[in-house]
$ cat model_39.cif   # mmCIF, C-alpha atoms; chains and numbers go by the auth columns
data_entry
loop_
_atom_site.group_PDB
_atom_site.id
_atom_site.type_symbol
_atom_site.label_atom_id
_atom_site.label_comp_id
_atom_site.label_asym_id
_atom_site.label_seq_id
_atom_site.Cartn_x
_atom_site.Cartn_y
_atom_site.Cartn_z
_atom_site.B_iso_or_equiv
_atom_site.auth_seq_id
_atom_site.auth_asym_id
ATOM 1 C CA GLU A 1 -5.280 -228.276 171.940 0.00 1 A
ATOM 2 C CA GLY A 2 -3.823 -230.888 174.270 0.00 2 A
ATOM 3 C CA LEU A 3 -1.517 -228.329 175.854 0.00 3 A
ATOM 4 C CA VAL A 4 -4.330 -225.817 176.314 0.00 4 A
ATOM 5 C CA ASP A 5 -6.350 -228.537 178.041 0.00 5 A
ATOM 6 C CA ALA A 6 -3.378 -229.790 180.089 0.00 6 A
ATOM 7 C CA PHE A 7 -2.765 -226.280 181.410 0.00 7 A
ATOM 8 C CA ASP A 8 -6.514 -226.012 182.107 0.00 8 A
ATOM 9 C CA LEU A 9 -6.732 -222.848 179.996 0.00 9 A
ATOM 10 C CA ASP A 10 -9.639 -221.471 178.041 0.00 10 A
ATOM 11 C CA GLY A 11 -8.387 -221.047 174.495 0.00 11 A
ATOM 12 C CA GLN A 12 -9.103 -222.001 170.910 0.00 12 A
ATOM 13 C CA VAL A 13 -6.476 -223.325 168.517 0.00 13 A
ATOM 14 C CA ILE A 14 -6.717 -222.197 164.912 0.00 14 A
ATOM 15 C CA VAL A 15 -4.367 -223.714 162.330 0.00 15 A
ATOM 16 C CA GLU A 16 -3.823 -221.729 159.120 0.00 16 A
ATOM 17 C CA THR A 17 -1.668 -222.169 156.051 0.00 17 A
ATOM 18 C CA VAL A 18 0.544 -219.094 155.722 0.00 18 A
ATOM 19 C CA ASP A 19 2.191 -220.117 152.445 0.00 19 A
ATOM 20 C CA ASP A 20 3.345 -223.287 150.679 0.00 20 A
ATOM 21 C CA ASP A 21 6.096 -223.842 153.267 0.00 21 A
ATOM 22 C CA THR A 22 4.576 -222.571 156.519 0.00 22 A
ATOM 23 C CA ILE A 23 1.624 -223.342 158.748 0.00 23 A
ATOM 24 C CA GLU A 24 0.727 -221.368 161.843 0.00 24 A
ATOM 25 C CA ALA A 25 -1.060 -222.589 164.941 0.00 25 A
ATOM 26 C CA LYS A 26 -2.631 -219.695 166.838 0.00 26 A
ATOM 27 C CA VAL A 27 -4.019 -220.016 170.342 0.00 27 A
ATOM 28 C CA ASP A 28 -6.555 -217.310 171.153 0.00 28 A
ATOM 29 C CA GLY A 29 -8.256 -216.752 174.482 0.00 29 A
ATOM 30 C CA GLU A 30 -7.952 -215.073 177.855 0.00 30 A
ATOM 31 C CA ASP A 31 -5.174 -215.450 180.446 0.00 31 A
ATOM 32 C CA LEU A 32 -2.789 -217.402 178.224 0.00 32 A
ATOM 33 C CA GLY A 33 0.374 -216.009 179.826 0.00 33 A
ATOM 34 C CA LEU A 34 1.306 -219.419 181.183 0.00 34 A
ATOM 35 C CA LEU A 35 1.751 -220.661 177.602 0.00 35 A
ATOM 36 C CA ILE A 36 3.895 -217.621 176.735 0.00 36 A
ATOM 37 C CA GLY A 37 6.164 -217.616 179.795 0.00 37 A
ATOM 38 C CA PRO A 38 8.814 -215.059 180.701 0.00 38 A
ATOM 39 C CA LYS A 39 10.197 -213.373 177.568 0.00 39 A
ATOM 40 C CA GLY A 40 8.269 -215.896 175.474 0.00 40 A
ATOM 41 C CA LEU A 41 10.464 -218.805 176.556 0.00 41 A
ATOM 42 C CA THR A 42 7.579 -221.199 177.189 0.00 42 A
ATOM 43 C CA LEU A 43 6.095 -220.319 173.796 0.00 43 A
ATOM 44 C CA GLN A 44 9.485 -220.986 172.201 0.00 44 A
ATOM 45 C CA ALA A 45 9.661 -224.387 173.924 0.00 45 A
ATOM 46 C CA VAL A 46 6.111 -225.244 172.834 0.00 46 A
ATOM 47 C CA GLN A 47 7.021 -224.350 169.257 0.00 47 A
ATOM 48 C CA GLU A 48 10.169 -226.491 169.331 0.00 48 A
ATOM 49 C CA LEU A 49 8.245 -229.463 170.723 0.00 49 A
ATOM 50 C CA ALA A 50 5.519 -229.061 168.104 0.00 50 A
ATOM 51 C CA ARG A 51 8.137 -228.845 165.351 0.00 51 A
ATOM 52 C CA ALA A 52 9.840 -231.998 166.620 0.00 52 A
ATOM 53 C CA VAL A 53 6.552 -233.894 166.514 0.00 53 A
ATOM 54 C CA LEU A 54 5.748 -232.524 163.061 0.00 54 A
ATOM 55 C CA GLN A 55 9.156 -233.549 161.700 0.00 55 A
ATOM 56 C CA LYS A 56 9.492 -236.899 163.460 0.00 56 A
ATOM 57 C CA ASP A 57 9.464 -238.673 160.101 0.00 57 A
ATOM 58 C CA GLY A 58 12.280 -236.475 158.828 0.00 58 A
ATOM 59 C CA PRO A 59 12.760 -232.986 157.415 0.00 59 A
ATOM 60 C CA GLY A 60 10.991 -231.756 154.356 0.00 60 A
ATOM 61 C CA GLY A 61 7.548 -230.977 155.706 0.00 61 A
ATOM 62 C CA PRO A 62 6.095 -227.533 156.273 0.00 62 A
ATOM 63 C CA ARG A 63 7.577 -225.129 158.810 0.00 63 A
ATOM 64 C CA LEU A 64 5.441 -224.576 161.877 0.00 64 A
ATOM 65 C CA ARG A 65 4.934 -221.291 163.683 0.00 65 A
ATOM 66 C CA VAL A 66 3.090 -221.212 166.998 0.00 66 A
ATOM 67 C CA ASP A 67 1.600 -218.018 168.439 0.00 67 A
ATOM 68 C CA VAL A 68 -0.307 -217.488 171.648 0.00 68 A
ATOM 69 C CA GLY A 69 -2.609 -214.519 172.136 0.00 69 A
ATOM 70 C CA GLY A 70 -0.890 -212.426 169.437 0.00 70 A
ATOM 71 C CA TYR A 71 2.353 -212.430 171.435 0.00 71 A
ATOM 72 C CA ARG A 72 4.661 -212.690 168.422 0.00 72 A
ATOM 73 C CA GLU A 73 3.328 -209.542 166.735 0.00 73 A
ATOM 74 C CA ARG A 74 3.422 -207.568 169.991 0.00 74 A
ATOM 75 C CA ARG A 75 6.995 -208.781 170.592 0.00 75 A
ATOM 76 C CA ARG A 76 8.006 -207.831 167.031 0.00 76 A
ATOM 77 C CA GLU A 77 6.605 -204.303 167.474 0.00 77 A
ATOM 78 C CA ALA A 78 8.259 -203.846 170.879 0.00 78 A
ATOM 79 C CA LEU A 79 11.617 -205.089 169.559 0.00 79 A
ATOM 80 C CA SER A 80 11.374 -202.744 166.598 0.00 80 A
ATOM 81 C CA ARG A 81 10.732 -199.746 168.868 0.00 81 A
ATOM 82 C CA PHE A 82 13.568 -200.804 171.185 0.00 82 A
ATOM 83 C CA THR A 83 15.918 -201.264 168.225 0.00 83 A
ATOM 84 C CA HIS A 84 15.137 -197.761 166.930 0.00 84 A
ATOM 85 C CA THR A 85 16.015 -196.345 170.366 0.00 85 A
ATOM 86 C CA VAL A 86 19.283 -198.285 170.512 0.00 86 A
ATOM 87 C CA ALA A 87 20.191 -197.241 166.960 0.00 87 A
ATOM 88 C CA GLU A 88 19.608 -193.580 167.859 0.00 88 A
ATOM 89 C CA GLN A 89 21.906 -193.969 170.875 0.00 89 A
ATOM 90 C CA VAL A 90 24.589 -195.645 168.751 0.00 90 A
ATOM 91 C CA LEU A 91 24.366 -192.873 166.149 0.00 91 A
ATOM 92 C CA ALA A 92 24.589 -190.167 168.828 0.00 92 A
ATOM 93 C CA SER A 93 27.477 -191.746 170.736 0.00 93 A
ATOM 94 C CA GLY A 94 29.355 -193.409 167.888 0.00 94 A
ATOM 95 C CA THR A 95 29.771 -196.434 170.179 0.00 95 A
ATOM 96 C CA ALA A 96 28.582 -199.963 169.471 0.00 96 A
ATOM 97 C CA THR A 97 25.954 -201.474 171.765 0.00 97 A
ATOM 98 C CA SER A 98 25.656 -205.178 172.501 0.00 98 A
ATOM 99 C CA LEU A 99 22.127 -206.391 173.188 0.00 99 A
ATOM 100 C CA GLU A 100 21.114 -209.203 175.528 0.00 100 A
ATOM 101 C CA PRO A 101 21.077 -212.741 174.117 0.00 101 A
ATOM 102 C CA MET A 102 18.003 -213.450 171.997 0.00 102 A
ATOM 103 C CA VAL A 103 16.395 -216.299 170.139 0.00 103 A
ATOM 104 C CA ALA A 104 16.932 -216.358 166.375 0.00 104 A
ATOM 105 C CA ALA A 105 13.494 -214.908 165.546 0.00 105 A
ATOM 106 C CA ASP A 106 14.111 -211.879 167.775 0.00 106 A
ATOM 107 C CA ARG A 107 17.605 -211.350 166.352 0.00 107 A
ATOM 108 C CA ARG A 108 16.076 -211.376 162.859 0.00 108 A
ATOM 109 C CA VAL A 109 13.677 -208.570 163.869 0.00 109 A
ATOM 110 C CA VAL A 110 16.600 -206.493 165.172 0.00 110 A
ATOM 111 C CA HIS A 111 18.688 -207.076 162.028 0.00 111 A
ATOM 112 C CA ASP A 112 15.742 -206.243 159.740 0.00 112 A
ATOM 113 C CA THR A 113 14.907 -203.087 161.690 0.00 113 A
ATOM 114 C CA VAL A 114 18.503 -201.814 161.674 0.00 114 A
ATOM 115 C CA ASN A 115 18.771 -202.498 157.933 0.00 115 A
ATOM 116 C CA GLU A 116 16.172 -199.758 157.455 0.00 116 A
ATOM 117 C CA ILE A 117 18.175 -197.169 159.456 0.00 117 A
ATOM 118 C CA ASP A 118 20.989 -195.175 157.823 0.00 118 A
ATOM 119 C CA GLY A 119 24.338 -195.008 159.602 0.00 119 A
ATOM 120 C CA VAL A 120 24.201 -198.256 161.593 0.00 120 A
ATOM 121 C CA HIS A 121 24.571 -201.970 160.970 0.00 121 A
ATOM 122 C CA THR A 122 24.389 -205.173 162.993 0.00 122 A
ATOM 123 C CA ILE A 123 26.363 -208.327 163.542 0.00 123 A
ATOM 124 C CA SER A 124 25.571 -211.386 165.633 0.00 124 A
ATOM 125 C CA GLU A 125 28.173 -212.648 168.093 0.00 125 A
ATOM 126 C CA GLY A 126 28.487 -215.647 170.367 0.00 126 A
ATOM 127 C CA GLU A 127 27.115 -219.137 170.371 0.00 127 A
ATOM 128 C CA GLU A 128 23.607 -220.361 171.167 0.00 128 A
ATOM 129 C CA PRO A 129 21.991 -219.905 173.623 0.00 129 A
ATOM 130 C CA ARG A 130 24.055 -216.755 174.380 0.00 130 A
ATOM 131 C CA ARG A 131 24.072 -215.399 170.798 0.00 131 A
ATOM 132 C CA ARG A 132 23.461 -211.665 170.707 0.00 132 A
ATOM 133 C CA VAL A 133 23.192 -208.778 168.282 0.00 133 A
ATOM 134 C CA VAL A 134 25.629 -205.877 168.303 0.00 134 A
ATOM 135 C CA VAL A 135 24.459 -202.577 166.808 0.00 135 A
ATOM 136 C CA ARG A 136 27.422 -200.652 165.386 0.00 136 A
ATOM 137 C CA PRO A 137 27.840 -197.300 163.698 0.00 137 A
ATOM 138 C CA LEU A 138 28.909 -197.487 160.068 0.00 138 A
ATOM 139 C CA PRO A 139 32.492 -196.357 159.506 0.00 139 A
ATOM 140 C CA VAL A 140 32.747 -192.779 158.253 0.00 140 A
ATOM 141 C CA ALA A 141 34.092 -192.687 154.711 0.00 141 A
#

$ encode --input "model_39.cif" --output "structure tokens"
Amino acid sequence: EGLVDAFDLDGQVIVETVDDDTIEAKVDGEDLGLLIGPKGLTLQAVQELARAVLQKDGPGGPRLRVDVGGYRERRREALSRFTHTVAEQVLASGTATSLEPMVAADRRVVHDTVNEIDGVHTISEGEEPRRRVVVRPLPVA
């Protein structure tokens, strides 16, 4: 709520318990792009700051997920569609494709999506913050 006010935005913060280990803070409202930032980088930074505050007394508390304006679900759907397109290209060409560096949550979406597609698999390469996913065709037996 403090961030929404500091950015002089009109939004409501709703905190929900997702499961025993996770809570989610959702910010809903209009014109919240400033809190999302390019490619969700501001949202990622907000989440990391909120996690640091939540865990200042040490690890062991609940995990925190922050979402702004439904961005995370839209991003997940867009990444899934993009991953299907890349997997089709890899299957057609037989050549691996390296994706741009992504945050861990986005890499997880790519890995999970590819796991549902026959004939391709993924690996992650590189070190943070340049870690990326490579989509590869499965070797022919």

$ axis_aligned_box --input "model_39.cif" --around "segment 55-60 of chain A" --padding-each-side "5 Å" --output "AutoDock Vina command-line options"
--center_x 11.0 --center_y -235.2 --center_z 158.9 --size_x 13.6 --size_y 16.9 --size_z 19.1

$ residues_around --input "model_39.cif" --residues "Val120 of chain A" --least-positions-apart "6" --cutoff "10 Å" --atoms "only C-alpha atoms" --output "number ranges by chain"
A: 87-88, 90-91, 94, 96, 114, 135-139

$ write_last_selection --input "model_39.cif" --atoms "C-alpha atoms" --output "PDB file, keeping the file's coordinate frame"
ATOM      1  CA  ALA A  87      20.191-197.241 166.960  1.00  0.00           C
ATOM      2  CA  GLU A  88      19.608-193.580 167.859  1.00  0.00           C
ATOM      3  CA  VAL A  90      24.589-195.645 168.751  1.00  0.00           C
ATOM      4  CA  LEU A  91      24.366-192.873 166.149  1.00  0.00           C
ATOM      5  CA  GLY A  94      29.355-193.409 167.888  1.00  0.00           C
ATOM      6  CA  ALA A  96      28.582-199.963 169.471  1.00  0.00           C
ATOM      7  CA  VAL A 114      18.503-201.814 161.674  1.00  0.00           C
ATOM      8  CA  VAL A 135      24.459-202.577 166.808  1.00  0.00           C
ATOM      9  CA  ARG A 136      27.422-200.652 165.386  1.00  0.00           C
ATOM     10  CA  PRO A 137      27.840-197.300 163.698  1.00  0.00           C
ATOM     11  CA  LEU A 138      28.909-197.487 160.068  1.00  0.00           C
ATOM     12  CA  PRO A 139      32.492-196.357 159.506  1.00  0.00           C
TER      13      PRO A 139
END

$ residues_near_point --input "model_39.cif" --point "(16.7, -221.1, 172.7)" --cutoff "9 Å" --atoms "only C-alpha atoms" --output "compact mmCIF listing (two decimals) with C-alpha atoms, in the coordinates of the input"
# COMPACT_ATOMS: atom_id res chain seq x y z
CA LEU A 41 10.46 -218.80 176.56
CA GLN A 44 9.48 -220.99 172.20
CA ALA A 45 9.66 -224.39 173.92
CA MET A 102 18.00 -213.45 172.00
CA VAL A 103 16.40 -216.30 170.14
CA ALA A 104 16.93 -216.36 166.38
CA GLU A 128 23.61 -220.36 171.17
CA PRO A 129 21.99 -219.90 173.62
CA ARG A 130 24.06 -216.76 174.38

$ resolve_selection --input "model_39.cif" --expression "the PyMOL selection byres ((chain A and resi 73-76) around 9)" --output "list of chain:residue names"
A:Lys39, A:Gly40, A:Asp67, A:Gly70, A:Tyr71, A:Arg72, A:Glu77, A:Ala78, A:Leu79, A:Ser80, A:Arg81, A:Asp106, A:Val109, A:Val110

$ resolve_selection --input "model_39.cif" --expression "the PyMOL selection byres ((chain A and resi 123) around 6)" --output "ChimeraX atom specification"
/A:122,124,133-134

$ write_last_selection --input "model_39.cif" --atoms "C-alpha atoms" --output "mmCIF file, in the coordinates of the input"
data_model
loop_
_atom_site.group_PDB
_atom_site.id
_atom_site.type_symbol
_atom_site.label_atom_id
_atom_site.label_comp_id
_atom_site.auth_asym_id
_atom_site.auth_seq_id
_atom_site.Cartn_x
_atom_site.Cartn_y
_atom_site.Cartn_z
ATOM 1 C CA THR A 122 24.389 -205.173 162.993
ATOM 2 C CA SER A 124 25.571 -211.386 165.633
ATOM 3 C CA VAL A 133 23.192 -208.778 168.282
ATOM 4 C CA VAL A 134 25.629 -205.877 168.303
#

$ residues_around --input "model_39.cif" --residues "Glu1 of chain A" --least-positions-apart "2" --cutoff "8 Å" --atoms "only C-alpha atoms" --output "list of chain:residue names"
A:Leu3, A:Val4, A:Asp5, A:Gln12, A:Val13

$ atom_distance --input "model_39.cif" --atom1 "atom CA of Leu54 of chain A" --atom2 "atom CA of Asp112 of chain A"
28.3 Å

$ resolve_selection --input "model_39.cif" --expression "the PyMOL selection byres ((chain A and resi 32) around 9)" --output "count of residues only"
15

$ atom_distance --input "model_39.cif" --atom1 "atom CA of Ser98 of chain A" --atom2 "atom CA of Glu125 of chain A"
9.0 Å

$ closest_residue --input "model_39.cif" --among "A:Arg51, A:Arg108, A:Arg65, A:Arg131" --to "Ala25 of chain A" --atoms "only C-alpha atoms"
A:Arg65

$ residues_around --input "model_39.cif" --residues "Thr17 of chain A" --least-positions-apart "3" --cutoff "12 Å" --atoms "all atoms listed in the file" --output "list in words"
Ile14, Asp20, Asp21, Thr22, Ile23, Glu24, Ala25, Lys26, Pro62, Arg63, Leu64, Arg65 and Val66 of chain A

$ closest_residue --input "model_39.cif" --among "A:Thr113, A:Leu43, A:Gly61, A:Pro101" --to "Phe82 of chain A" --atoms "only C-alpha atoms"
A:Thr113

$ atom_distance --input "model_39.cif" --atom1 "atom CA of Val53 of chain A" --atom2 "atom CA of Pro38 of chain A"
23.7 Å

$ decode --input "model_39.cif" --residues "segment 17-136 of chain A" --atoms "C-alpha atoms" --output "mmCIF file, in the first residue's frame"
data_model
loop_
_atom_site.group_PDB
_atom_site.id
_atom_site.type_symbol
_atom_site.label_atom_id
_atom_site.label_comp_id
_atom_site.auth_asym_id
_atom_site.auth_seq_id
_atom_site.Cartn_x
_atom_site.Cartn_y
_atom_site.Cartn_z
ATOM 1 C CA THR A 17 -3.225 -17.030 1.550
ATOM 2 C CA VAL A 18 -2.544 -19.308 -1.418
ATOM 3 C CA ASP A 19 -1.524 -22.355 0.623
ATOM 4 C CA ASP A 20 0.280 -23.156 3.880
ATOM 5 C CA ASP A 21 3.591 -21.881 2.472
ATOM 6 C CA THR A 22 2.580 -18.995 0.203
ATOM 7 C CA ILE A 23 0.834 -15.656 0.486
ATOM 8 C CA GLU A 24 0.062 -13.407 -2.450
ATOM 9 C CA ALA A 25 -0.257 -9.641 -2.473
ATOM 10 C CA LYS A 26 -2.288 -8.463 -5.461
ATOM 11 C CA VAL A 27 -2.499 -4.842 -6.533
ATOM 12 C CA ASP A 28 -5.589 -4.122 -8.617
ATOM 13 C CA GLY A 29 -6.463 -0.841 -10.277
ATOM 14 C CA GLU A 30 -5.988 1.267 -13.379
ATOM 15 C CA ASP A 31 -2.721 2.470 -14.945
ATOM 16 C CA LEU A 32 -0.417 0.350 -12.792
ATOM 17 C CA GLY A 33 2.251 -0.075 -15.478
ATOM 18 C CA LEU A 34 4.747 1.928 -13.454
ATOM 19 C CA LEU A 35 4.711 -0.814 -10.799
ATOM 20 C CA ILE A 36 5.207 -3.504 -13.465
ATOM 21 C CA GLY A 37 7.995 -1.842 -15.459
ATOM 22 C CA PRO A 38 9.579 -3.068 -18.679
ATOM 23 C CA LYS A 39 9.350 -6.870 -18.940
ATOM 24 C CA GLY A 40 8.090 -6.945 -15.351
ATOM 25 C CA LEU A 41 11.439 -5.861 -13.917
ATOM 26 C CA THR A 42 9.976 -3.304 -11.513
ATOM 27 C CA LEU A 43 7.455 -5.882 -10.294
ATOM 28 C CA GLN A 44 10.309 -8.343 -9.765
ATOM 29 C CA ALA A 45 12.225 -5.732 -7.745
ATOM 30 C CA VAL A 46 9.137 -4.915 -5.667
ATOM 31 C CA GLN A 47 8.683 -8.614 -4.933
ATOM 32 C CA GLU A 48 12.322 -9.039 -3.893
ATOM 33 C CA LEU A 49 12.127 -6.019 -1.586
ATOM 34 C CA ALA A 50 8.889 -7.275 -0.039
ATOM 35 C CA ARG A 51 10.422 -10.720 0.474
ATOM 36 C CA ALA A 52 13.478 -9.193 2.142
ATOM 37 C CA VAL A 53 11.277 -7.277 4.570
ATOM 38 C CA LEU A 54 9.153 -10.356 5.244
ATOM 39 C CA GLN A 55 12.221 -12.497 5.961
ATOM 40 C CA LYS A 56 14.269 -9.938 7.883
ATOM 41 C CA ASP A 57 14.077 -12.110 10.993
ATOM 42 C CA GLY A 58 15.392 -15.107 9.076
ATOM 43 C CA PRO A 59 14.101 -17.752 6.681
ATOM 44 C CA GLY A 60 11.278 -20.062 7.510
ATOM 45 C CA GLY A 61 8.270 -17.827 7.015
ATOM 46 C CA PRO A 62 5.790 -18.014 4.168
ATOM 47 C CA ARG A 63 6.815 -17.344 0.574
ATOM 48 C CA LEU A 64 5.491 -14.107 -0.855
ATOM 49 C CA ARG A 65 4.226 -13.574 -4.379
ATOM 50 C CA VAL A 66 3.407 -10.074 -5.594
ATOM 51 C CA ASP A 67 1.215 -9.421 -8.637
ATOM 52 C CA VAL A 68 0.138 -6.147 -10.168
ATOM 53 C CA GLY A 69 -2.929 -5.889 -12.376
ATOM 54 C CA GLY A 70 -2.908 -9.607 -13.267
ATOM 55 C CA TYR A 71 0.475 -9.225 -14.977
ATOM 56 C CA ARG A 72 1.851 -12.592 -13.862
ATOM 57 C CA GLU A 73 -0.982 -14.617 -15.412
ATOM 58 C CA ARG A 74 -0.836 -12.630 -18.658
ATOM 59 C CA ARG A 75 2.952 -13.118 -18.755
ATOM 60 C CA ARG A 76 2.571 -16.864 -18.101
ATOM 61 C CA GLU A 77 0.072 -17.207 -20.972
ATOM 62 C CA ALA A 78 2.228 -15.170 -23.370
ATOM 63 C CA LEU A 79 5.348 -17.178 -22.475
ATOM 64 C CA SER A 80 3.466 -20.421 -22.994
ATOM 65 C CA ARG A 81 2.313 -19.339 -26.465
ATOM 66 C CA PHE A 82 5.825 -18.144 -27.339
ATOM 67 C CA THR A 83 7.330 -21.411 -26.089
ATOM 68 C CA HIS A 84 4.948 -23.456 -28.258
ATOM 69 C CA THR A 85 6.051 -21.429 -31.301
ATOM 70 C CA VAL A 86 9.736 -21.915 -30.492
ATOM 71 C CA ALA A 87 9.228 -25.646 -29.898
ATOM 72 C CA GLU A 88 7.519 -25.981 -33.292
ATOM 73 C CA GLN A 89 10.474 -24.224 -34.938
ATOM 74 C CA VAL A 90 12.960 -26.480 -33.135
ATOM 75 C CA LEU A 91 11.022 -29.585 -34.192
ATOM 76 C CA ALA A 92 10.851 -28.399 -37.813
ATOM 77 C CA SER A 93 14.508 -27.381 -38.062
ATOM 78 C CA GLY A 94 16.091 -29.929 -35.737
ATOM 79 C CA THR A 95 18.219 -27.072 -34.363
ATOM 80 C CA ALA A 96 18.356 -25.913 -30.756
ATOM 81 C CA THR A 97 17.201 -22.382 -29.952
ATOM 82 C CA SER A 98 18.564 -20.301 -27.095
ATOM 83 C CA LEU A 99 16.085 -17.869 -25.566
ATOM 84 C CA GLU A 100 16.877 -14.474 -24.061
ATOM 85 C CA PRO A 101 17.859 -14.367 -20.382
ATOM 86 C CA MET A 102 14.872 -14.660 -18.051
ATOM 87 C CA VAL A 103 14.081 -14.546 -14.374
ATOM 88 C CA ALA A 104 13.620 -17.908 -12.656
ATOM 89 C CA ALA A 105 9.801 -17.752 -12.683
ATOM 90 C CA ASP A 106 9.739 -17.221 -16.457
ATOM 91 C CA ARG A 107 12.265 -20.011 -17.046
ATOM 92 C CA ARG A 108 10.031 -22.327 -15.002
ATOM 93 C CA VAL A 109 7.074 -21.531 -17.298
ATOM 94 C CA VAL A 110 9.187 -22.359 -20.364
ATOM 95 C CA HIS A 111 10.461 -25.631 -18.862
ATOM 96 C CA ASP A 112 6.946 -26.677 -17.786
ATOM 97 C CA THR A 113 5.477 -25.844 -21.194
ATOM 98 C CA VAL A 114 8.163 -27.760 -23.109
ATOM 99 C CA ASN A 115 7.712 -30.768 -20.809
ATOM 100 C CA GLU A 116 4.225 -31.120 -22.293
ATOM 101 C CA ILE A 117 5.503 -31.178 -25.910
ATOM 102 C CA ASP A 118 6.803 -34.402 -27.482
ATOM 103 C CA GLY A 119 10.157 -34.309 -29.256
ATOM 104 C CA VAL A 120 11.806 -31.402 -27.421
ATOM 105 C CA HIS A 121 13.418 -30.731 -24.064
ATOM 106 C CA THR A 122 15.016 -27.795 -22.272
ATOM 107 C CA ILE A 123 18.129 -26.982 -20.324
ATOM 108 C CA SER A 124 19.150 -23.798 -18.543
ATOM 109 C CA GLU A 125 22.571 -22.314 -19.255
ATOM 110 C CA GLY A 126 24.594 -19.441 -17.872
ATOM 111 C CA GLU A 127 24.736 -17.624 -14.594
ATOM 112 C CA GLU A 128 22.308 -15.104 -13.114
ATOM 113 C CA PRO A 129 21.326 -12.554 -14.291
ATOM 114 C CA ARG A 130 22.123 -13.886 -17.805
ATOM 115 C CA ARG A 131 20.698 -17.398 -17.251
ATOM 116 C CA ARG A 132 18.683 -18.582 -20.228
ATOM 117 C CA VAL A 133 16.704 -21.560 -21.456
ATOM 118 C CA VAL A 134 17.741 -23.569 -24.496
ATOM 119 C CA VAL A 135 15.042 -25.553 -26.305
ATOM 120 C CA ARG A 136 16.555 -28.636 -27.954
#
